[in-house]
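Written below as structure tokens is the structure these notes are about.
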Amino acid sequence: MADWTVPFEASYRFVRVRRSDWSEVGPVEGVRTGGEVTRSYATSIKWSAALTCDRELSLGSDLLRIYMDADFLGARAPETVCLGTYLVSQPKRQVESYGSTMEADLYGPLQILMDMQFPGTYVVPAGASAVGHAAQLCRGAGLLVTADATTHRTSRDRTYGIPSEQSQVTEEEADDSEGEMTTEDSQLFCVNDLCDIANFASATTDAMGRVFLKAYHVPAVRPVSWELEEGPDCRFLASMEDEQDLFGMPNCVKVVVSNADKCVIGTARNDDPKSPWSTAAVGREIWRNVRKTEDMTQQEAAAYAARLLKTGDNARRKVTFQHTFLPMEPGQIVRLSYPSGGVEDLFQVTKVSYDLGAAGCLMTVSAKTFNKEATDDR
């Protein structure tokens, strides 16, 4: 792997990718310098980007792939890194007296599943492989898929494609939505729900657009991918945001397991006065409700609630910092040592944004702390 502590000059290439077979068919011209690429755990499609173009790219049903070429100063060999493969929308043209430009909104390939719904109902029968059905849906949408092996089987029939009351909208609401409709009934929702009941992470894609269905592992059991330390070789900026908000941190969790056969409720609470977000410390209960449809006993639901309470999906502490380019991915673990700024801890990366107009492809990273004692005993 390249030594990213060495200064380099970044340039970018844009390539057309044929939707039918995912092959590269030639360069795409007309993209202006600048733009941003974002990878985020907080979005279902994971990848997005924004570019400015001199004209319409006219890709039809094909996709756009972005490459960064890093030319290291000195005798080191150059490095090429893919920064994602995208569906392209150019909804707006900026007109001036001297010409015009077009804004391009780019969406990761999971947007294909986000836009798809079932024409009728889709049933995953009891005893079926949830992950297998999720992979089948991805392949049916023309996506390339790799899935971890699993022995998990569904405990009951699961039916998708029936809109819930929350997902039904009026004609007026649809007209006013500007395209931001609910995704609860999308095929991507189905894929991620099937992954969830099998204890898999939500679907993600690599930079080339390939879908990965991976077993979920808590951050504490993952290896440290990056050591970022203040000093002469430091490439992060000496200015960052350090947040810790305990106001809304849940100290009580309720897991509701509801399906056609039964309803089971399991709860857990943090009453430890030594814990800064416990009921004793904040003087009140702050609940988090989680609904599950896969069968659980009351004891299993309570154990799941306790695990959620201990692991915590909310960041106890969050940092946002900037660094010259690294092939850093959401989910990776970073050891950040910035003594002069009072920041020294292990963090899990949740979001990475690359500035294609800044020197060194400057990236902005959001990361949060995690329970370092949590295990994968699900």
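Residues in the structure tokens are named by chain (A, B, ... in the order shown) and by number from 1 within that chain; ligands are numbered from 1 in the order shown.
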What's around stretch 132-142 of chain A at 12 Å? Count only C-alpha atoms, leave out sequence neighbours fewer than 5 positions away in its own chain, and write the answer as a VMD selection string. chain A and resid 18 to 22 109 to 118 122 to 127 147 to 154 158 186 to 198 200 to 205 209 to 214
Set the distance at 7 Å and use only C-alpha atoms: which residues neighbour A:Cys252 once local chain neighbours fewer than 4 positions away are removed? I'd like the list as an mmCIF file with C-alpha atoms, in the first residue's frame.
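New file selection-v9.cif:
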data_model
loop_
_atom_site.group_PDB
_atom_site.id
_atom_site.type_symbol
_atom_site.label_atom_id
_atom_site.label_comp_id
_atom_site.auth_asym_id
_atom_site.auth_seq_id
_atom_site.Cartn_x
_atom_site.Cartn_y
_atom_site.Cartn_z
ATOM 1 C CA ALA A 268 -33.197 -3.070 30.215
ATOM 2 C CA ARG A 269 -32.177 0.034 32.170
ATOM 3 C CA ASN A 270 -29.015 1.705 33.365
ATOM 4 C CA GLU A 285 -35.510 8.006 32.166
ATOM 5 C CA ILE A 286 -34.591 8.359 28.468
ATOM 6 C CA TRP A 287 -36.065 5.485 26.491
ATOM 7 C CA ARG A 288 -35.103 3.946 23.195
#
Expected answer as JSON, numbers by chain: helix (DSSP H, G or I) residues in stretch 93-265 of chain A: {"A": [111, 112, 113, 114, 115, 130, 131, 132, 133, 134, 135, 136, 137, 138, 139, 140, 165, 166, 167, 171, 172, 173, 174, 175, 176, 187, 188, 189, 190, 191, 192, 193, 194, 195, 196, 197, 219, 220, 221]}
Taking N, CA, C and O atoms for each residue, export the selection above as a compact mmCIF listing (two decimals), in the first residue's frame.
# COMPACT_ATOMS: atom_id res chain seq x y z
N GLN A 111 -28.79 2.79 -4.73
CA GLN A 111 -29.95 3.60 -5.09
C GLN A 111 -30.88 2.81 -6.03
O GLN A 111 -32.10 3.03 -6.04
N ILE A 112 -30.31 1.90 -6.81
CA ILE A 112 -31.12 1.07 -7.70
C ILE A 112 -32.14 0.28 -6.89
O ILE A 112 -33.33 0.21 -7.24
N LEU A 113 -31.70 -0.33 -5.79
CA LEU A 113 -32.62 -1.08 -4.92
C LEU A 113 -33.53 -0.14 -4.15
O LEU A 113 -34.68 -0.50 -3.85
N MET A 114 -33.02 1.04 -3.82
CA MET A 114 -33.85 2.02 -3.12
C MET A 114 -35.07 2.41 -3.97
O MET A 114 -36.17 2.63 -3.46
N ASP A 115 -34.87 2.49 -5.27
CA ASP A 115 -35.95 2.93 -6.17
C ASP A 115 -36.90 1.80 -6.55
O ASP A 115 -37.96 2.07 -7.13
N ALA A 130 -32.18 -15.99 4.99
CA ALA A 130 -32.50 -14.57 4.83
C ALA A 130 -31.44 -13.87 3.97
O ALA A 130 -31.77 -13.08 3.08
N VAL A 131 -30.18 -14.19 4.23
CA VAL A 131 -29.09 -13.56 3.47
C VAL A 131 -29.12 -14.01 2.02
O VAL A 131 -28.85 -13.24 1.10
N GLY A 132 -29.46 -15.28 1.81
CA GLY A 132 -29.56 -15.78 0.44
C GLY A 132 -30.62 -15.04 -0.35
O GLY A 132 -30.41 -14.70 -1.53
N HIS A 133 -31.77 -14.78 0.28
CA HIS A 133 -32.82 -14.03 -0.40
C HIS A 133 -32.39 -12.58 -0.64
O HIS A 133 -32.70 -12.00 -1.68
N ALA A 134 -31.66 -11.98 0.33
CA ALA A 134 -31.16 -10.63 0.15
C ALA A 134 -30.21 -10.55 -1.05
O ALA A 134 -30.29 -9.64 -1.88
N ALA A 135 -29.31 -11.54 -1.13
CA ALA A 135 -28.37 -11.57 -2.26
C ALA A 135 -29.11 -11.76 -3.58
O ALA A 135 -28.76 -11.16 -4.61
N GLN A 136 -30.15 -12.59 -3.56
CA GLN A 136 -30.94 -12.84 -4.77
C GLN A 136 -31.60 -11.55 -5.26
O GLN A 136 -31.64 -11.28 -6.47
N LEU A 137 -32.12 -10.75 -4.34
CA LEU A 137 -32.74 -9.48 -4.72
C LEU A 137 -31.71 -8.53 -5.34
O LEU A 137 -32.00 -7.84 -6.32
N CYS A 138 -30.52 -8.50 -4.76
CA CYS A 138 -29.46 -7.64 -5.31
C CYS A 138 -29.09 -8.08 -6.73
O CYS A 138 -28.97 -7.24 -7.64
N ARG A 139 -28.93 -9.37 -6.93
CA ARG A 139 -28.58 -9.87 -8.26
C ARG A 139 -29.72 -9.62 -9.25
O ARG A 139 -29.49 -9.33 -10.42
N GLY A 140 -30.94 -9.73 -8.77
CA GLY A 140 -32.08 -9.47 -9.64
C GLY A 140 -32.14 -8.03 -10.13
O GLY A 140 -32.72 -7.75 -11.18
N GLU A 165 -49.08 1.72 7.23
CA GLU A 165 -49.83 2.97 7.32
C GLU A 165 -48.90 4.16 7.29
O GLU A 165 -49.20 5.20 6.72
N GLN A 166 -47.71 4.02 7.89
CA GLN A 166 -46.77 5.14 7.94
C GLN A 166 -46.21 5.45 6.56
O GLN A 166 -45.81 6.57 6.29
N SER A 167 -46.17 4.46 5.67
CA SER A 167 -45.55 4.68 4.37
C SER A 167 -46.54 5.11 3.29
O SER A 167 -46.15 5.46 2.19
N GLU A 171 -51.97 11.89 -2.61
CA GLU A 171 -51.49 12.41 -3.90
C GLU A 171 -50.84 13.77 -3.71
O GLU A 171 -49.83 14.09 -4.32
N GLU A 172 -51.41 14.59 -2.81
CA GLU A 172 -50.84 15.92 -2.56
C GLU A 172 -49.46 15.81 -1.93
O GLU A 172 -48.53 16.53 -2.31
N GLU A 173 -49.30 14.89 -0.98
CA GLU A 173 -47.99 14.70 -0.36
C GLU A 173 -46.98 14.21 -1.38
O GLU A 173 -45.81 14.62 -1.35
N ALA A 174 -47.39 13.35 -2.29
CA ALA A 174 -46.47 12.85 -3.32
C ALA A 174 -46.02 13.99 -4.22
O ALA A 174 -44.86 14.08 -4.61
N ASP A 175 -46.94 14.90 -4.55
CA ASP A 175 -46.59 16.02 -5.41
C ASP A 175 -45.59 16.95 -4.73
O ASP A 175 -44.76 17.58 -5.37
N ASP A 176 -45.66 17.05 -3.38
CA ASP A 176 -44.81 17.98 -2.64
C ASP A 176 -43.51 17.36 -2.15
O ASP A 176 -42.70 18.02 -1.53
N GLN A 187 -37.05 -2.32 -2.12
CA GLN A 187 -36.32 -3.60 -2.05
C GLN A 187 -35.06 -3.46 -1.20
O GLN A 187 -34.63 -4.44 -0.59
N LEU A 188 -34.49 -2.27 -1.13
CA LEU A 188 -33.34 -2.09 -0.26
C LEU A 188 -33.73 -2.24 1.20
O LEU A 188 -32.98 -2.83 1.99
N PHE A 189 -34.91 -1.75 1.57
CA PHE A 189 -35.39 -1.96 2.93
C PHE A 189 -35.52 -3.45 3.22
O PHE A 189 -35.12 -3.93 4.30
N CYS A 190 -36.05 -4.20 2.27
CA CYS A 190 -36.20 -5.64 2.43
C CYS A 190 -34.84 -6.31 2.61
O CYS A 190 -34.64 -7.14 3.50
N VAL A 191 -33.88 -5.95 1.76
CA VAL A 191 -32.53 -6.51 1.84
C VAL A 191 -31.93 -6.26 3.21
O VAL A 191 -31.39 -7.16 3.86
N ASN A 192 -32.02 -5.02 3.68
CA ASN A 192 -31.40 -4.68 4.97
C ASN A 192 -32.15 -5.31 6.14
O ASN A 192 -31.53 -5.68 7.15
N ASP A 193 -33.46 -5.48 6.02
CA ASP A 193 -34.22 -6.14 7.08
C ASP A 193 -33.83 -7.62 7.16
O ASP A 193 -33.64 -8.16 8.25
N LEU A 194 -33.67 -8.27 6.01
CA LEU A 194 -33.24 -9.66 6.00
C LEU A 194 -31.84 -9.81 6.56
O LEU A 194 -31.53 -10.77 7.28
N CYS A 195 -30.97 -8.84 6.25
CA CYS A 195 -29.62 -8.88 6.82
C CYS A 195 -29.67 -8.70 8.33
O CYS A 195 -28.95 -9.38 9.07
N ASP A 196 -30.53 -7.81 8.79
CA ASP A 196 -30.61 -7.52 10.22
C ASP A 196 -31.03 -8.74 11.02
O ASP A 196 -30.46 -9.03 12.08
N ILE A 197 -32.03 -9.49 10.54
CA ILE A 197 -32.50 -10.64 11.33
C ILE A 197 -31.45 -11.75 11.34
O ILE A 197 -31.48 -12.62 12.20
N PRO A 219 -17.68 -3.00 17.18
CA PRO A 219 -16.40 -2.32 16.96
C PRO A 219 -15.26 -2.84 17.83
O PRO A 219 -14.11 -2.86 17.39
N ALA A 220 -15.59 -3.27 19.05
CA ALA A 220 -14.54 -3.67 19.98
C ALA A 220 -13.73 -4.87 19.51
O ALA A 220 -12.58 -5.06 19.92
N VAL A 221 -14.29 -5.71 18.63
CA VAL A 221 -13.55 -6.89 18.17
C VAL A 221 -12.86 -6.65 16.83
O VAL A 221 -12.20 -7.54 16.31
Sel. of strand (DSSP E or B) residues, stretch 111-251 of chain A, as a list in words: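 Residues meeting the strand (DSSP E or B) criterion: Gln117, Tyr122, Val123, Val124, Val145, Thr146, Ala147, Arg158, Thr159, Tyr160, Ser186, Phe200, Thr204, Thr205, Val211, Phe212, Leu213, Ala215, Val224, Ser225, Trp226, Glu227, Leu228, Glu229, Phe236, Glu241, Asp242 and Glu243 of chain A.
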Atom CA of A:His217 and atom CA of A:His323 are how many Å apart?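 Between atom CA of A:His217 and atom CA of A:His323 the gap is 26.4 Å.
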Two-atom distance - atom CA of A:Thr5, atom CA of A:Arg76 (Å):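 Atom CA of A:Arg76 lies at a distance of 12.1 Å from atom CA of A:Thr5.
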